[in-house]
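Written out below as structure tokens is the structure these notes cover.
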Amino acid sequence: MTNTTIALVTGATKGIGLATARRLGALGRTVLVGARDPERGRAAERALREGGADAHAVPLDVTDEESVARAAKLVEERYGRLDVLVNNAGIARGDGTGRPSETRLATLREVYETNVFGVVAVTNALLPLLLSAPSARIVNVSSEVGSIGIMTDPAHPLFPVASVAYPSSKTALNMVTAMYAKELRDSPVKVNGANPGYCATDLNHHNGFRTPEQGAEVSVHLATLPDDGPTGLFWGHLADGSYGVLPW
Ligand SMILES: NC(=O)c1ccc[n+]([C@@H]2O[C@H](COP(=O)([O-])OP(=O)(O)OC[C@H]3O[C@@H](n4cnc5c(N)ncnc54)[C@H](OP(=O)(O)O)[C@@H]3O)[C@@H](O)[C@H]2O)c1
């Protein structure tokens, strides 16, 4: 069994996931590049290796239970444990303006499959390996638009947004995060939610004002928490540009 820290990032082919993999690789972690498309996974692996990272593509579609099981088996056979899981893969879809009254159930289901059910599937498949690590970290990449506290605060800049599919999927993910943290509170595993802030990626047609690298800082911080660090927090980018704890 290797002594290196093994970190798996789902959806690591581009955007914040790729930037997270790059930062973790630069910190000396062995990075497993979760990718639903094998060719995009190999391309990301190549790019990360060219930058000096010990990167390995792992085929992983978070919505496909067989793919999830195969990925978990691969990690078990190769490494016997997992030190860091970054549940980063995510999609944003909407109908019309995205308002609840315009939203089709099919859209809601599609978004939840990746952003919520995918996280539970991947986490449960890898949990035995995370518990085999001395001090594992789980980072669930959420969003401030999933915070009920923020989205219902008339003073917050996001108050006018009344979109349902993506925001409510991240709200569900926040509760999933809090419940895993509770279940695992007597174990060494820390489980936290990350808010990368609004980053320019394919997800939002590059409208974000932060870079994917800035978004990745949040996931990397939570993935490298010390043993006396927090668990069960929603942490990351705040509206004033600083970092801190967000309301669920
Ligand atoms: N960008 C923002 O402003 C922002 C803000 C808050 C939170 N976030 C969250 O940050 C995370 C990363 O988003 P991003 O902005 O970097 O988006 P992105 O550039 O679109 O990247 C999304 C990644 O997820 C992967 N993915 C999608 N569905 C998948 C599936 N079923 N199985 C495995 N991988 C899958 C994509 O793979 P392919 O290459 O195969 O498409 C891609 O690698 C998401 O959870 C998102 O909700 C983003």
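The way I read the labels, and the way they are meant: chains A, B, ... in the order of the structure tokens, residue 1 as the first residue of every chain, and ligand 1 as the first ligand shown, with later ones counted on from there.
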* Selection as a PyMOL selection string: residues within 7 Å of ligand 1 by only C-alpha atoms and all ligand atoms -> chain A and resi 10-17+34-37+40+60-63+88-92+114-115+141-144+195-204+208+212
* Asked: In range 43-241 of chain A, what's strand (DSSP E or B) per DSSP? Answer as a list in words?
  ->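 Output for range 43-241 of chain A, strand (DSSP E or B) only: Asp54, Ala55, His56, Ala57, Val58, Pro59, Val84, Leu85, Val86, Asn87, Arg137, Ile138, Val139, Asn140, Val141, Lys190, Val191, Asn192, Gly193, Ala194, Asn195, Cys199, Arg210, Phe234, Trp235, Gly236 and His237 of chain A.
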Could you list, with a cut-off of 10 Å and counting only C-alpha atoms, the residues of range 7-122 of chain A near range 173-179 of chain A, each shown with its nearest atom pair and the distance in Å rounded to one decimal, rows sorted by chain and ascending number, as CSV?
residue,atom,partner,partner_atom,distance
A:Tyr112,CA,A:Leu173,CA,9.1
A:Asn115,CA,A:Leu173,CA,7.1
A:Val116,CA,A:Leu173,CA,5.5
A:Phe117,CA,A:Leu173,CA,8.8
A:Val119,CA,A:Leu173,CA,7.9
A:Val120,CA,A:Val176,CA,7.7
* Asked: In chain A, what's helix (DSSP H, G or I) per DSSP? Answer as number ranges by chain?
  -> A: 15-26, 38-50, 65-79, 100-102, 105-132, 144-146, 148-151, 165-183, 202-204, 212-223
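Of note, CA of Ala71 in chain A and CA of Pro59 in chain A are spaced 6.6 Å apart.
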* To do: Determine, counting only C-alpha atoms, which protein, DNA and RNA residues have an atom within 12 Å of an atom of Tyr243 in chain A; residues of the same chain fewer than 4 positions away are not included. Present the result as a list in words.
  =>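 Skipping anything fewer than 4 positions along the chain leaves Ala194, Asn195, Pro196, Gly197, Gln214, Gly215, Glu217, Val218, Ser219, His221, Leu222, Phe234, Trp235, Gly236, His237, Leu238 and Ala239 of chain A.
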Generate a file of the selected residues that holds N, CA, C and O atoms, formatted as a PDB file, in the first residue's frame.
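Saved to selection17.pdb:
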ATOM      1  N   ALA A 194     -18.675  22.763   0.044  1.00  0.00           N
ATOM      2  CA  ALA A 194     -17.840  23.849  -0.485  1.00  0.00           C
ATOM      3  C   ALA A 194     -18.672  24.773  -1.367  1.00  0.00           C
ATOM      4  O   ALA A 194     -19.460  24.301  -2.189  1.00  0.00           O
ATOM      5  N   ASN A 195     -18.456  26.074  -1.180  1.00  0.00           N
ATOM      6  CA  ASN A 195     -19.026  27.043  -2.119  1.00  0.00           C
ATOM      7  C   ASN A 195     -17.887  27.709  -2.883  1.00  0.00           C
ATOM      8  O   ASN A 195     -17.211  28.585  -2.341  1.00  0.00           O
ATOM      9  N   PRO A 196     -17.696  27.303  -4.154  1.00  0.00           N
ATOM     10  CA  PRO A 196     -16.572  27.869  -4.908  1.00  0.00           C
ATOM     11  C   PRO A 196     -16.774  29.317  -5.306  1.00  0.00           C
ATOM     12  O   PRO A 196     -15.810  29.997  -5.672  1.00  0.00           O
ATOM     13  N   GLY A 197     -18.017  29.815  -5.229  1.00  0.00           N
ATOM     14  CA  GLY A 197     -18.314  31.147  -5.759  1.00  0.00           C
ATOM     15  C   GLY A 197     -18.599  31.052  -7.248  1.00  0.00           C
ATOM     16  O   GLY A 197     -18.513  29.977  -7.848  1.00  0.00           O
ATOM     17  N   GLN A 214      -9.599  29.849  -8.516  1.00  0.00           N
ATOM     18  CA  GLN A 214     -10.078  30.460  -7.268  1.00  0.00           C
ATOM     19  C   GLN A 214     -11.178  29.588  -6.649  1.00  0.00           C
ATOM     20  O   GLN A 214     -11.230  29.408  -5.434  1.00  0.00           O
ATOM     21  N   GLY A 215     -12.052  29.053  -7.491  1.00  0.00           N
ATOM     22  CA  GLY A 215     -13.104  28.160  -6.981  1.00  0.00           C
ATOM     23  C   GLY A 215     -12.502  26.919  -6.333  1.00  0.00           C
ATOM     24  O   GLY A 215     -12.987  26.437  -5.304  1.00  0.00           O
ATOM     25  N   GLU A 217      -9.770  26.647  -4.748  1.00  0.00           N
ATOM     26  CA  GLU A 217      -9.143  26.916  -3.446  1.00  0.00           C
ATOM     27  C   GLU A 217     -10.017  26.405  -2.304  1.00  0.00           C
ATOM     28  O   GLU A 217      -9.521  25.915  -1.292  1.00  0.00           O
ATOM     29  N   VAL A 218     -11.329  26.555  -2.480  1.00  0.00           N
ATOM     30  CA  VAL A 218     -12.267  26.174  -1.418  1.00  0.00           C
ATOM     31  C   VAL A 218     -12.247  24.650  -1.223  1.00  0.00           C
ATOM     32  O   VAL A 218     -12.127  24.151  -0.095  1.00  0.00           O
ATOM     33  N   SER A 219     -12.344  23.907  -2.327  1.00  0.00           N
ATOM     34  CA  SER A 219     -12.332  22.445  -2.225  1.00  0.00           C
ATOM     35  C   SER A 219     -11.005  21.950  -1.668  1.00  0.00           C
ATOM     36  O   SER A 219     -10.972  21.024  -0.842  1.00  0.00           O
ATOM     37  N   HIS A 221      -8.923  23.553   0.294  1.00  0.00           N
ATOM     38  CA  HIS A 221      -8.859  23.873   1.725  1.00  0.00           C
ATOM     39  C   HIS A 221      -9.582  22.782   2.542  1.00  0.00           C
ATOM     40  O   HIS A 221      -9.047  22.271   3.538  1.00  0.00           O
ATOM     41  N   LEU A 222     -10.780  22.433   2.111  1.00  0.00           N
ATOM     42  CA  LEU A 222     -11.563  21.443   2.870  1.00  0.00           C
ATOM     43  C   LEU A 222     -10.980  20.029   2.718  1.00  0.00           C
ATOM     44  O   LEU A 222     -11.135  19.195   3.605  1.00  0.00           O
ATOM     45  N   PHE A 234     -20.710  24.323   5.911  1.00  0.00           N
ATOM     46  CA  PHE A 234     -20.809  24.800   4.535  1.00  0.00           C
ATOM     47  C   PHE A 234     -19.885  26.013   4.500  1.00  0.00           C
ATOM     48  O   PHE A 234     -20.146  27.022   5.164  1.00  0.00           O
ATOM     49  N   TRP A 235     -18.794  25.910   3.744  1.00  0.00           N
ATOM     50  CA  TRP A 235     -17.715  26.893   3.828  1.00  0.00           C
ATOM     51  C   TRP A 235     -17.295  27.341   2.440  1.00  0.00           C
ATOM     52  O   TRP A 235     -17.373  26.562   1.490  1.00  0.00           O
ATOM     53  N   GLY A 236     -16.868  28.557   2.331  1.00  0.00           N
ATOM     54  CA  GLY A 236     -16.306  28.993   1.058  1.00  0.00           C
ATOM     55  C   GLY A 236     -16.457  30.459   0.794  1.00  0.00           C
ATOM     56  O   GLY A 236     -16.463  31.278   1.718  1.00  0.00           O
ATOM     57  N   HIS A 237     -16.622  30.748  -0.485  1.00  0.00           N
ATOM     58  CA  HIS A 237     -16.644  32.122  -0.967  1.00  0.00           C
ATOM     59  C   HIS A 237     -17.888  32.847  -0.449  1.00  0.00           C
ATOM     60  O   HIS A 237     -19.001  32.339  -0.565  1.00  0.00           O
ATOM     61  N   LEU A 238     -17.688  34.058   0.096  1.00  0.00           N
ATOM     62  CA  LEU A 238     -18.806  34.892   0.559  1.00  0.00           C
ATOM     63  C   LEU A 238     -19.013  36.044  -0.423  1.00  0.00           C
ATOM     64  O   LEU A 238     -18.119  36.377  -1.209  1.00  0.00           O
ATOM     65  N   ALA A 239     -20.197  36.664  -0.346  1.00  0.00           N
ATOM     66  CA  ALA A 239     -20.550  37.726  -1.304  1.00  0.00           C
ATOM     67  C   ALA A 239     -19.575  38.898  -1.270  1.00  0.00           C
ATOM     68  O   ALA A 239     -19.359  39.567  -2.285  1.00  0.00           O
TER      69      ALA A 239
END
* **Distance criterion (only C-alpha atoms): nearest to Ser163 in chain A out of A:Arg81, A:Arg42, A:Arg70, A:Arg99** =>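 Of the candidates, the smallest distance to Ser163 in chain A is held by A:Arg99.
Computed from the coordinates, the CA of His56 in chain A to CA of Gly41 in chain A distance equals 8.5 Å.
The closest residue to Glu110 in chain A, picked from A:Ala165, A:Val191, A:Ala44, A:Ala216 and counting only C-alpha atoms, is A:Ala165.
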* From the set A:Leu246, A:Leu74, A:Ala133, A:Ala106, which residue has the shortest atom-to-atom contact distance to Gly149 in chain A, counting only C-alpha atoms? -> A:Leu246
* To do: Write out as a ChimeraX atom specification which residues come within 12 Å of Thr231 in chain A when counting only C-alpha atoms, dropping same-chain ones fewer than 2 positions away.
  => /A:136-140,177-194,222-223,225-229,233-235,245
Selection export as a compact mmCIF listing (two decimals), in the first residue's frame, atoms kept: N, CA, C and O atoms:
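File part.txt, as written:
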# COMPACT_ATOMS: atom_id res chain seq x y z
N ALA A 136 -9.68 10.59 6.62
CA ALA A 136 -10.18 10.97 5.29
C ALA A 136 -11.01 12.25 5.32
O ALA A 136 -11.53 12.65 6.35
N ARG A 137 -11.10 12.87 4.15
CA ARG A 137 -11.91 14.09 3.98
C ARG A 137 -12.87 13.89 2.81
O ARG A 137 -12.45 13.42 1.74
N ILE A 138 -14.12 14.30 3.01
CA ILE A 138 -15.10 14.32 1.92
C ILE A 138 -15.48 15.78 1.70
O ILE A 138 -15.84 16.48 2.66
N VAL A 139 -15.39 16.22 0.46
CA VAL A 139 -15.80 17.58 0.11
C VAL A 139 -16.93 17.49 -0.90
O VAL A 139 -16.77 16.90 -1.97
N ASN A 140 -18.08 18.04 -0.56
CA ASN A 140 -19.20 18.08 -1.49
C ASN A 140 -19.31 19.48 -2.07
O ASN A 140 -19.53 20.45 -1.33
N THR A 177 -24.86 16.44 2.95
CA THR A 177 -23.54 16.71 3.57
C THR A 177 -23.66 16.73 5.09
O THR A 177 -22.86 16.08 5.80
N ALA A 178 -24.65 17.45 5.58
CA ALA A 178 -24.82 17.57 7.04
C ALA A 178 -25.09 16.19 7.66
O ALA A 178 -24.60 15.90 8.76
N MET A 179 -25.87 15.36 6.95
CA MET A 179 -26.21 14.05 7.53
C MET A 179 -25.04 13.08 7.51
O MET A 179 -24.86 12.29 8.43
N TYR A 180 -24.23 13.12 6.44
CA TYR A 180 -23.01 12.28 6.45
C TYR A 180 -22.07 12.75 7.57
O TYR A 180 -21.45 11.92 8.25
N ALA A 181 -21.97 14.07 7.75
CA ALA A 181 -21.09 14.58 8.81
C ALA A 181 -21.56 14.06 10.17
O ALA A 181 -20.75 13.67 11.02
N LYS A 182 -22.88 14.03 10.35
CA LYS A 182 -23.43 13.55 11.62
C LYS A 182 -23.15 12.06 11.80
O LYS A 182 -22.69 11.62 12.85
N GLU A 183 -23.44 11.29 10.73
CA GLU A 183 -23.22 9.84 10.83
C GLU A 183 -21.75 9.53 11.14
O GLU A 183 -21.46 8.60 11.89
N LEU A 184 -20.85 10.34 10.58
CA LEU A 184 -19.42 10.01 10.68
C LEU A 184 -18.70 10.81 11.76
O LEU A 184 -17.48 10.80 11.83
N ARG A 185 -19.48 11.49 12.64
CA ARG A 185 -18.83 12.42 13.58
C ARG A 185 -17.89 11.72 14.56
O ARG A 185 -16.98 12.35 15.08
N ASP A 186 -18.10 10.44 14.83
CA ASP A 186 -17.18 9.73 15.73
C ASP A 186 -16.08 8.99 14.99
O ASP A 186 -15.35 8.20 15.59
N SER A 187 -15.99 9.23 13.68
CA SER A 187 -14.90 8.65 12.88
C SER A 187 -13.91 9.76 12.52
O SER A 187 -14.20 10.94 12.73
N PRO A 188 -12.76 9.41 11.95
CA PRO A 188 -11.81 10.48 11.56
C PRO A 188 -12.24 11.21 10.28
O PRO A 188 -11.58 12.17 9.88
N VAL A 189 -13.31 10.75 9.64
CA VAL A 189 -13.70 11.33 8.35
C VAL A 189 -14.42 12.66 8.56
O VAL A 189 -15.38 12.75 9.33
N LYS A 190 -13.94 13.70 7.88
CA LYS A 190 -14.60 15.01 7.93
C LYS A 190 -15.35 15.25 6.64
O LYS A 190 -14.85 14.98 5.55
N VAL A 191 -16.59 15.75 6.79
CA VAL A 191 -17.46 15.94 5.63
C VAL A 191 -17.93 17.38 5.61
O VAL A 191 -18.61 17.83 6.54
N ASN A 192 -17.58 18.12 4.56
CA ASN A 192 -17.97 19.52 4.48
C ASN A 192 -18.45 19.89 3.09
O ASN A 192 -18.08 19.26 2.10
N GLY A 193 -19.28 20.93 3.05
CA GLY A 193 -19.77 21.45 1.78
C GLY A 193 -18.92 22.64 1.36
O GLY A 193 -18.53 23.45 2.20
N ALA A 194 -18.67 22.76 0.04
CA ALA A 194 -17.84 23.85 -0.48
C ALA A 194 -18.67 24.77 -1.37
O ALA A 194 -19.46 24.30 -2.19
N LEU A 222 -10.78 22.43 2.11
CA LEU A 222 -11.56 21.44 2.87
C LEU A 222 -10.98 20.03 2.72
O LEU A 222 -11.14 19.19 3.60
N ALA A 223 -10.32 19.77 1.59
CA ALA A 223 -9.72 18.45 1.35
C ALA A 223 -8.45 18.25 2.15
O ALA A 223 -7.98 17.13 2.33
N LEU A 225 -7.92 19.73 5.35
CA LEU A 225 -8.13 20.17 6.73
C LEU A 225 -7.29 19.34 7.69
O LEU A 225 -7.17 18.13 7.52
N PRO A 226 -6.75 19.98 8.73
CA PRO A 226 -6.03 19.20 9.75
C PRO A 226 -6.99 18.35 10.58
O PRO A 226 -8.21 18.54 10.51
N ASP A 227 -6.44 17.45 11.37
CA ASP A 227 -7.28 16.53 12.15
C ASP A 227 -8.18 17.25 13.15
O ASP A 227 -9.21 16.72 13.55
N ASP A 228 -7.78 18.46 13.58
CA ASP A 228 -8.65 19.20 14.51
C ASP A 228 -9.53 20.21 13.76
O ASP A 228 -10.13 21.10 14.36
N GLY A 229 -9.63 20.05 12.43
CA GLY A 229 -10.47 20.94 11.63
C GLY A 229 -11.95 20.60 11.77
O GLY A 229 -12.32 19.60 12.39
N LEU A 233 -19.70 21.55 7.98
CA LEU A 233 -19.83 22.99 7.69
C LEU A 233 -20.05 23.21 6.21
O LEU A 233 -19.60 22.43 5.37
N PHE A 234 -20.71 24.32 5.91
CA PHE A 234 -20.81 24.80 4.54
C PHE A 234 -19.88 26.01 4.50
O PHE A 234 -20.15 27.02 5.16
N TRP A 235 -18.79 25.91 3.74
CA TRP A 235 -17.72 26.89 3.83
C TRP A 235 -17.30 27.34 2.44
O TRP A 235 -17.37 26.56 1.49
N VAL A 245 -17.91 30.72 6.77
CA VAL A 245 -18.99 29.76 6.90
C VAL A 245 -20.27 30.37 6.32
O VAL A 245 -20.60 31.52 6.62
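For Asp54 in chain A, the set of protein, DNA and RNA residues having any atom at most 9 Å away, when counting only C-alpha atoms and skipping those fewer than 4 positions along the same chain, is Gly25, Ala26, Gly28, Arg29, Thr30, Val31, Leu32, Glu45, Leu48 and Arg49 of chain A.
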Emit the selected residues as a PDB file, in the first residue's frame, including C-alpha atoms.
ATOM      1  CA  GLY A  25      -1.413  17.225  -7.493  1.00  0.00           C
ATOM      2  CA  ALA A  26       0.856  20.216  -6.839  1.00  0.00           C
ATOM      3  CA  GLY A  28       1.918  16.001  -3.734  1.00  0.00           C
ATOM      4  CA  ARG A  29      -1.331  14.061  -3.673  1.00  0.00           C
ATOM      5  CA  THR A  30      -1.885  11.171  -6.040  1.00  0.00           C
ATOM      6  CA  VAL A  31      -4.875  12.439  -7.978  1.00  0.00           C
ATOM      7  CA  LEU A  32      -7.534  10.158  -9.408  1.00  0.00           C
ATOM      8  CA  GLU A  45      -4.595  12.990 -16.980  1.00  0.00           C
ATOM      9  CA  LEU A  48      -2.037  17.134 -15.176  1.00  0.00           C
ATOM     10  CA  ARG A  49       0.983  14.877 -15.661  1.00  0.00           C
TER      11      ARG A  49
END
